[in-house]
$ cat data-v2.cif   # mmCIF, C-alpha atoms and all ligand atoms; chains and numbers go by the auth columns
data_start
#
loop_
_atom_site.group_PDB
_atom_site.id
_atom_site.type_symbol
_atom_site.label_atom_id
_atom_site.label_comp_id
_atom_site.label_asym_id
_atom_site.label_seq_id
_atom_site.Cartn_x
_atom_site.Cartn_y
_atom_site.Cartn_z
_atom_site.B_iso_or_equiv
_atom_site.auth_seq_id
_atom_site.auth_asym_id
ATOM 1 C CA MET A 1 143.594 49.166 136.694 0.00 1 M
ATOM 2 C CA LYS A 2 140.070 50.515 137.336 0.00 2 M
ATOM 3 C CA ILE A 3 138.697 52.724 134.543 0.00 3 M
ATOM 4 C CA LEU A 4 135.542 54.836 134.377 0.00 4 M
ATOM 5 C CA VAL A 5 133.911 56.193 131.224 0.00 5 M
ATOM 6 C CA THR A 6 131.512 58.967 132.174 0.00 6 M
ATOM 7 C CA TYR A 7 129.561 61.386 130.001 0.00 7 M
ATOM 8 C CA TRP A 8 126.822 63.958 129.635 0.00 8 M
ATOM 9 C CA SER A 9 124.742 63.639 126.469 0.00 9 M
ATOM 10 C CA GLN A 10 121.538 65.423 125.519 0.00 10 M
ATOM 11 C CA THR A 11 120.767 63.786 122.172 0.00 11 M
ATOM 12 C CA GLY A 12 122.884 60.630 122.332 0.00 12 M
ATOM 13 C CA ASN A 13 125.941 61.503 120.212 0.00 13 M
ATOM 14 C CA THR A 14 128.426 61.686 123.077 0.00 14 M
ATOM 15 C CA LYS A 15 126.855 58.557 124.582 0.00 15 M
ATOM 16 C CA LYS A 16 127.639 56.642 121.351 0.00 16 M
ATOM 17 C CA VAL A 17 131.300 57.648 121.609 0.00 17 M
ATOM 18 C CA ALA A 18 131.281 56.720 125.319 0.00 18 M
ATOM 19 C CA GLU A 19 130.058 53.216 124.438 0.00 19 M
ATOM 20 C CA ALA A 20 132.710 52.813 121.719 0.00 20 M
ATOM 21 C CA ILE A 21 135.450 53.815 124.166 0.00 21 M
ATOM 22 C CA PHE A 22 134.002 51.565 126.871 0.00 22 M
ATOM 23 C CA ASN A 23 133.908 48.568 124.497 0.00 23 M
ATOM 24 C CA ALA A 24 137.540 49.146 123.509 0.00 24 M
ATOM 25 C CA LEU A 25 138.777 49.148 127.125 0.00 25 M
ATOM 26 C CA PRO A 26 140.296 46.252 129.012 0.00 26 M
ATOM 27 C CA GLU A 27 138.698 45.116 132.311 0.00 27 M
ATOM 28 C CA THR A 28 138.034 46.509 134.968 0.00 28 M
ATOM 29 C CA LYS A 29 135.743 49.180 133.542 0.00 29 M
ATOM 30 C CA PHE A 30 132.551 51.093 134.307 0.00 30 M
ATOM 31 C CA LEU A 31 130.222 53.205 132.126 0.00 31 M
ATOM 32 C CA LYS A 32 128.041 55.856 133.804 0.00 32 M
ATOM 33 C CA PRO A 33 126.410 59.181 132.956 0.00 33 M
ATOM 34 C CA PHE A 34 127.621 62.119 135.096 0.00 34 M
ATOM 35 C CA ASN A 35 124.495 62.008 137.277 0.00 35 M
ATOM 36 C CA GLU A 36 125.308 58.473 138.449 0.00 36 M
ATOM 37 C CA VAL A 37 128.824 59.392 139.566 0.00 37 M
ATOM 38 C CA GLN A 38 129.172 60.420 143.206 0.00 38 M
ATOM 39 C CA SER A 39 132.963 60.507 143.283 0.00 39 M
ATOM 40 C CA LEU A 40 135.988 59.531 141.200 0.00 40 M
ATOM 41 C CA GLU A 41 137.674 58.021 144.252 0.00 41 M
ATOM 42 C CA GLY A 42 139.252 54.656 143.433 0.00 42 M
ATOM 43 C CA TYR A 43 139.401 55.064 139.649 0.00 43 M
ATOM 44 C CA ASP A 44 142.897 55.049 138.122 0.00 44 M
ATOM 45 C CA LEU A 45 141.826 56.617 134.826 0.00 45 M
ATOM 46 C CA ILE A 46 138.645 58.444 133.804 0.00 46 M
ATOM 47 C CA PHE A 47 137.375 59.134 130.272 0.00 47 M
ATOM 48 C CA ILE A 48 135.070 62.169 130.424 0.00 48 M
ATOM 49 C CA GLY A 49 132.750 63.073 127.540 0.00 49 M
ATOM 50 C CA PHE A 50 130.410 65.964 126.719 0.00 50 M
ATOM 51 C CA PRO A 51 129.224 68.114 123.804 0.00 51 M
ATOM 52 C CA VAL A 52 130.368 71.617 122.918 0.00 52 M
ATOM 53 C CA MET A 53 127.568 74.062 123.638 0.00 53 M
ATOM 54 C CA GLN A 54 127.700 77.774 122.908 0.00 54 M
ATOM 55 C CA PHE A 55 131.388 77.711 121.918 0.00 55 M
ATOM 56 C CA GLY A 56 132.744 75.843 124.933 0.00 56 M
ATOM 57 C CA PRO A 57 132.281 72.841 127.190 0.00 57 M
ATOM 58 C CA HIS A 58 128.685 72.251 128.298 0.00 58 M
ATOM 59 C CA PRO A 59 128.106 73.825 131.760 0.00 59 M
ATOM 60 C CA GLU A 60 127.495 70.346 133.250 0.00 60 M
ATOM 61 C CA ALA A 61 130.965 69.370 132.037 0.00 61 M
ATOM 62 C CA LYS A 62 132.610 72.415 133.606 0.00 62 M
ATOM 63 C CA LYS A 63 130.882 71.608 136.895 0.00 63 M
ATOM 64 C CA PHE A 64 131.883 67.943 136.731 0.00 64 M
ATOM 65 C CA LEU A 65 135.504 68.700 135.832 0.00 65 M
ATOM 66 C CA SER A 66 136.056 71.315 138.535 0.00 66 M
ATOM 67 C CA GLY A 67 134.083 69.358 141.131 0.00 67 M
ATOM 68 C CA HIS A 68 135.511 65.869 140.608 0.00 68 M
ATOM 69 C CA ALA A 69 138.443 65.687 138.209 0.00 69 M
ATOM 70 C CA VAL A 70 141.103 67.852 139.877 0.00 70 M
ATOM 71 C CA GLY A 71 144.214 65.790 140.632 0.00 71 M
ATOM 72 C CA ARG A 72 142.977 62.838 138.493 0.00 72 M
ATOM 73 C CA LYS A 73 144.312 61.252 135.326 0.00 73 M
ATOM 74 C CA ILE A 74 141.691 61.920 132.673 0.00 74 M
ATOM 75 C CA ALA A 75 141.044 61.793 128.932 0.00 75 M
ATOM 76 C CA LEU A 76 138.350 63.873 127.211 0.00 76 M
ATOM 77 C CA PHE A 77 136.000 62.987 124.381 0.00 77 M
ATOM 78 C CA VAL A 78 133.964 65.784 122.877 0.00 78 M
ATOM 79 C CA THR A 79 131.289 66.021 120.175 0.00 79 M
ATOM 80 C CA HIS A 80 130.405 69.159 118.224 0.00 80 M
ATOM 81 C CA ALA A 81 128.622 70.350 115.103 0.00 81 M
ATOM 82 C CA MET A 82 131.640 72.168 113.619 0.00 82 M
ATOM 83 C CA LEU A 83 133.505 70.692 110.696 0.00 83 M
ATOM 84 C CA SER A 84 137.095 69.826 111.486 0.00 84 M
ATOM 85 C CA GLY A 85 138.430 68.277 108.303 0.00 85 M
ATOM 86 C CA GLY A 86 139.698 71.439 106.589 0.00 86 M
ATOM 87 C CA GLU A 87 136.474 71.853 104.546 0.00 87 M
ATOM 88 C CA ASN A 88 135.798 75.175 106.239 0.00 88 M
ATOM 89 C CA PRO A 89 138.869 77.082 107.554 0.00 89 M
ATOM 90 C CA LYS A 90 136.757 79.579 109.555 0.00 90 M
ATOM 91 C CA GLN A 91 134.993 76.790 111.403 0.00 91 M
ATOM 92 C CA GLU A 92 138.269 74.990 111.964 0.00 92 M
ATOM 93 C CA ILE A 93 139.648 78.056 113.777 0.00 93 M
ATOM 94 C CA MET A 94 136.481 78.325 115.870 0.00 94 M
ATOM 95 C CA LEU A 95 136.596 74.626 116.682 0.00 95 M
ATOM 96 C CA LYS A 96 140.208 74.952 117.807 0.00 96 M
ATOM 97 C CA ARG A 97 139.128 77.711 120.235 0.00 97 M
ATOM 98 C CA GLU A 98 136.260 75.574 121.522 0.00 98 M
ATOM 99 C CA LEU A 99 138.592 72.630 122.131 0.00 99 M
ATOM 100 C CA ASP A 100 141.107 74.923 123.864 0.00 100 M
ATOM 101 C CA LYS A 101 138.289 75.937 126.220 0.00 101 M
ATOM 102 C CA CYS A 102 137.586 72.245 126.889 0.00 102 M
ATOM 103 C CA ARG A 103 141.271 71.725 127.742 0.00 103 M
ATOM 104 C CA ALA A 104 141.263 74.833 129.960 0.00 104 M
ATOM 105 C CA ALA A 105 138.302 73.408 131.903 0.00 105 M
ATOM 106 C CA CYS A 106 140.602 70.512 132.920 0.00 106 M
ATOM 107 C CA SER A 107 143.099 72.665 134.783 0.00 107 M
ATOM 108 C CA GLY A 108 144.365 70.799 137.822 0.00 108 M
ATOM 109 C CA SER A 109 143.798 67.399 136.175 0.00 109 M
ATOM 110 C CA GLU A 110 146.362 65.342 134.302 0.00 110 M
ATOM 111 C CA LEU A 111 144.975 65.320 130.754 0.00 111 M
ATOM 112 C CA LEU A 112 146.247 62.279 128.834 0.00 112 M
ATOM 113 C CA GLY A 113 144.407 63.003 125.593 0.00 113 M
ATOM 114 C CA LEU A 114 141.463 64.616 123.844 0.00 114 M
ATOM 115 C CA PHE A 115 139.285 63.011 121.174 0.00 115 M
ATOM 116 C CA HIS A 116 136.684 64.937 119.243 0.00 116 M
ATOM 117 C CA CYS A 117 134.286 64.298 116.386 0.00 117 M
ATOM 118 C CA GLN A 118 131.160 65.722 114.821 0.00 118 M
ATOM 119 C CA GLY A 119 127.795 64.872 116.343 0.00 119 M
ATOM 120 C CA GLU A 120 124.528 65.042 114.442 0.00 120 M
ATOM 121 C CA LEU A 121 122.386 68.082 115.199 0.00 121 M
ATOM 122 C CA SER A 122 118.915 66.874 116.055 0.00 122 M
ATOM 123 C CA GLU A 123 115.902 68.648 114.597 0.00 123 M
ATOM 124 C CA ASN A 124 115.052 69.913 118.095 0.00 124 M
ATOM 125 C CA ALA A 125 118.622 71.133 118.660 0.00 125 M
ATOM 126 C CA ALA A 126 118.555 73.008 115.342 0.00 126 M
ATOM 127 C CA ASN A 127 115.261 74.657 116.361 0.00 127 M
ATOM 128 C CA GLU A 128 116.772 75.573 119.742 0.00 128 M
ATOM 129 C CA LEU A 129 119.768 77.137 117.989 0.00 129 M
ATOM 130 C CA MET A 130 117.523 79.088 115.604 0.00 130 M
ATOM 131 C CA ALA A 131 115.550 80.418 118.583 0.00 131 M
ATOM 132 C CA SER A 132 118.712 81.599 120.384 0.00 132 M
ATOM 133 C CA ASN A 133 118.975 84.731 118.228 0.00 133 M
ATOM 134 C CA ILE A 134 122.771 84.438 118.454 0.00 134 M
ATOM 135 C CA PRO A 135 123.938 84.741 114.803 0.00 135 M
ATOM 136 C CA MET A 136 126.750 82.160 115.064 0.00 136 M
ATOM 137 C CA LEU A 137 124.436 79.620 116.732 0.00 137 M
ATOM 138 C CA MET A 138 121.845 80.257 114.046 0.00 138 M
ATOM 139 C CA GLU A 139 124.575 79.500 111.508 0.00 139 M
ATOM 140 C CA PHE A 140 125.076 76.086 113.168 0.00 140 M
ATOM 141 C CA ALA A 141 121.412 75.287 112.727 0.00 141 M
ATOM 142 C CA LYS A 142 121.939 75.511 108.964 0.00 142 M
ATOM 143 C CA MET A 143 124.698 72.932 109.266 0.00 143 M
ATOM 144 C CA LEU A 144 122.272 70.162 110.185 0.00 144 M
ATOM 145 C CA PRO A 145 122.648 68.371 106.792 0.00 145 M
ATOM 146 C CA LEU A 146 126.456 68.280 107.169 0.00 146 M
ATOM 147 C CA THR A 147 126.237 66.595 110.565 0.00 147 M
ATOM 148 C CA ILE A 148 123.821 63.795 109.673 0.00 148 M
ATOM 149 C CA GLY A 149 125.028 60.329 110.607 0.00 149 M
ATOM 150 C CA HIS A 150 127.776 61.469 112.997 0.00 150 M
ATOM 151 C CA PRO A 151 129.320 59.990 114.963 0.00 151 M
ATOM 152 C CA ASP A 152 129.580 57.422 112.166 0.00 152 M
ATOM 153 C CA GLN A 153 131.521 54.168 112.090 0.00 153 M
ATOM 154 C CA SER A 154 134.690 55.965 111.028 0.00 154 M
ATOM 155 C CA ASP A 155 134.382 58.358 114.020 0.00 155 M
ATOM 156 C CA LEU A 156 133.817 55.398 116.364 0.00 156 M
ATOM 157 C CA ASP A 157 136.802 53.527 114.909 0.00 157 M
ATOM 158 C CA LYS A 158 138.949 56.607 115.591 0.00 158 M
ATOM 159 C CA ALA A 159 137.580 56.733 119.157 0.00 159 M
ATOM 160 C CA LYS A 160 138.723 53.126 119.550 0.00 160 M
ATOM 161 C CA VAL A 161 142.248 53.992 118.361 0.00 161 M
ATOM 162 C CA PHE A 162 142.245 56.996 120.738 0.00 162 M
ATOM 163 C CA THR A 163 141.340 54.664 123.623 0.00 163 M
ATOM 164 C CA GLY A 164 144.396 52.531 122.901 0.00 164 M
ATOM 165 C CA THR A 165 146.624 55.613 122.730 0.00 165 M
ATOM 166 C CA VAL A 166 145.385 56.840 126.121 0.00 166 M
ATOM 167 C CA ILE A 167 145.912 53.436 127.727 0.00 167 M
ATOM 168 C CA THR A 168 149.473 53.365 126.346 0.00 168 M
ATOM 169 C CA ALA A 169 150.122 56.889 127.705 0.00 169 M
ATOM 170 C CA PHE A 170 148.739 55.825 131.086 0.00 170 M
ATOM 171 C CA LEU A 171 150.894 52.693 131.224 0.00 171 M
ATOM 172 C CA THR A 172 154.005 54.556 130.028 0.00 172 M
ATOM 173 C CA HIS A 173 153.795 57.627 132.242 0.00 173 M
ATOM 174 C CA GLY A 174 151.354 56.472 134.910 0.00 174 M
HETATM 175 C C1 LIG B . 122.049 74.833 122.297 0.00 1 E
HETATM 176 C C2 LIG B . 123.141 74.182 121.494 0.00 1 E
HETATM 177 C C3 LIG B . 124.361 74.833 121.353 0.00 1 E
HETATM 178 C C4 LIG B . 125.386 74.261 120.579 0.00 1 E
HETATM 179 N N1 LIG B . 126.550 74.944 120.447 0.00 1 E
HETATM 180 C C5 LIG B . 127.538 74.415 119.671 0.00 1 E
HETATM 181 C C6 LIG B . 128.749 75.130 119.491 0.00 1 E
HETATM 182 O O1 LIG B . 128.972 76.214 120.026 0.00 1 E
HETATM 183 N N2 LIG B . 129.716 74.558 118.709 0.00 1 E
HETATM 184 C C7 LIG B . 129.530 73.345 118.083 0.00 1 E
HETATM 185 O O2 LIG B . 130.432 72.904 117.372 0.00 1 E
HETATM 186 N N3 LIG B . 128.384 72.647 118.265 0.00 1 E
HETATM 187 C C8 LIG B . 127.385 73.140 119.040 0.00 1 E
HETATM 188 N N4 LIG B . 126.237 72.438 119.231 0.00 1 E
HETATM 189 C C9 LIG B . 126.114 71.084 118.636 0.00 1 E
HETATM 190 C C10 LIG B . 126.367 69.959 119.658 0.00 1 E
HETATM 191 O O3 LIG B . 127.627 70.116 120.274 0.00 1 E
HETATM 192 C C11 LIG B . 126.339 68.572 118.964 0.00 1 E
HETATM 193 O O4 LIG B . 125.083 68.355 118.357 0.00 1 E
HETATM 194 C C12 LIG B . 126.657 67.448 119.952 0.00 1 E
HETATM 195 O O5 LIG B . 127.031 66.294 119.232 0.00 1 E
HETATM 196 C C13 LIG B . 125.485 67.090 120.861 0.00 1 E
HETATM 197 O O6 LIG B . 125.900 66.039 121.709 0.00 1 E
HETATM 198 P P1 LIG B . 124.878 65.075 122.478 0.00 1 E
HETATM 199 O O7 LIG B . 124.043 64.363 121.437 0.00 1 E
HETATM 200 O O8 LIG B . 125.762 64.129 123.218 0.00 1 E
HETATM 201 O O9 LIG B . 124.043 65.913 123.381 0.00 1 E
HETATM 202 C C14 LIG B . 125.204 72.981 119.974 0.00 1 E
HETATM 203 C C15 LIG B . 123.978 72.318 120.157 0.00 1 E
HETATM 204 C C16 LIG B . 122.966 72.899 120.894 0.00 1 E
HETATM 205 C C17 LIG B . 121.665 72.164 121.046 0.00 1 E
#
$ encode --input "data-v2.cif" --output "structure tokens"
Amino acid sequence: MKILVTYWSQTGNTKKVAEAIFNALPETKFLKPFNEVQSLEGYDLIFIGFPVMQFGPHPEAKKFLSGHAVGRKIALFVTHAMLSGGENPKQEIMLKRELDKCRAACSGSELLGLFHCQGELSENAANELMASNIPMLMEFAKMLPLTIGHPDQSDLDKAKVFTGTVITAFLTHG
């Protein structure tokens, strides 16, 4: 079984999750950012990671998924600023919509699973969000303190469990 973990990451959060997934995989495995992937030919299973940006998958992710992933067995890992643990019901609903958009971007692929966790908003990212003048994005900027430290060890441990679940699904249905 030949497995690729590939990702797009602006500030390093999604990359951290990519490394945790990669470390939890059995051989034979490869870890590459999107820009080092020419084709998915020859890989049996591909883990694809990216952040949520402006309420949906990052544009680079949409391009990668539609350009390379159609007809492939894939699993997604996604980072975001939104809270997902029931602390904020409004954000939970919005997050659900964002994740649905991530799933929709995989149409034509065989999606074996989706992992998501919070990713820390960098100071620069928060400034970028404030400058957007989009009220909901400006709201995110204020969330910076609630995102600090993510993905944390608990998030990475969950990513490891997710990896095992995907491998089991692949071996069972593959
Ligand atoms: C311009 C911009 C837009 C963002 N939009 C959203 C969003 O709509 N929803 C959300 O939950 N997080 C949003 N975020 C937060 C990022 O998804 C989060 O910080 C992510 O972990 C960044 O991943 P990276 O470090 O791999 O680049 C946004 C961040 C930036 C900079």
$ resolve_selection --input "data-v2.cif" --expression "the PyMOL selection byres (((chain M and resi 163) around 10) and not hetatm)" --output "PyMOL selection string"
chain M and resi 20-25+47+75+77+113-115+157-162+164-169
$ residues_near_ligand --input "data-v2.cif" --ligand "ligand LIG 1 (chain E)" --cutoff "6 Å" --atoms "all atoms listed in the file" --output "list of chain:residue names"
M:Ser9, M:Gln10, M:Thr11, M:Gly12, M:Asn13, M:Thr14, M:Lys15, M:Pro51, M:Val52, M:Met53, M:Gln54, M:Phe55, M:Thr79, M:His80, M:Ala81, M:Met82, M:Gly119, M:Glu120, M:Leu121, M:Ala125, M:Glu128, M:Leu129
$ residues_around --input "data-v2.cif" --residues "Lys63 in chain M" --least-positions-apart "6" --cutoff "10 Å" --atoms "only C-alpha atoms" --output "list in words"
Pro57, Ala69 and Ala105 of chain M
$ closest_residue --input "data-v2.cif" --among "M:Ile74, M:Leu65, M:Ile46, M:Met94" --to "Leu112 in chain M" --atoms "all atoms listed in the file"
M:Ile74
$ residues_around --input "data-v2.cif" --residues "Leu83 in chain M" --least-positions-apart "6" --cutoff "10 Å" --atoms "only C-alpha atoms" --output "list in words"
Pro89, Lys90, Gln91, Glu92, Met94, Leu95, Cys117, Gln118, Gly119, Met143, Leu146 and Thr147 of chain M
$ write_last_selection --input "data-v2.cif" --atoms "C-alpha atoms" --output "compact mmCIF listing (two decimals), in the coordinates of the input"
# COMPACT_ATOMS: atom_id res chain seq x y z
CA PRO M 89 138.87 77.08 107.55
CA LYS M 90 136.76 79.58 109.56
CA GLN M 91 134.99 76.79 111.40
CA GLU M 92 138.27 74.99 111.96
CA MET M 94 136.48 78.32 115.87
CA LEU M 95 136.60 74.63 116.68
CA CYS M 117 134.29 64.30 116.39
CA GLN M 118 131.16 65.72 114.82
CA GLY M 119 127.80 64.87 116.34
CA MET M 143 124.70 72.93 109.27
CA LEU M 146 126.46 68.28 107.17
CA THR M 147 126.24 66.60 110.56
$ atom_distance --input "data-v2.cif" --atom1 "CA of Val70 in chain M" --atom2 "CA of Lys16 in chain M"
25.5 Å
$ atom_distance --input "data-v2.cif" --atom1 "CA of Leu40 in chain M" --atom2 "CA of His68 in chain M"
6.4 Å
$ resolve_selection --input "data-v2.cif" --expression "the PyMOL selection byres (((chain M and resi 110) around 7) and not hetatm)" --output "JSON, numbers by chain"
{"M": [71, 72, 73, 74, 108, 109, 111, 112]}
$ atom_distance --input "data-v2.cif" --atom1 "CA of Thr6 in chain M" --atom2 "CA of Ala18 in chain M"
7.2 Å
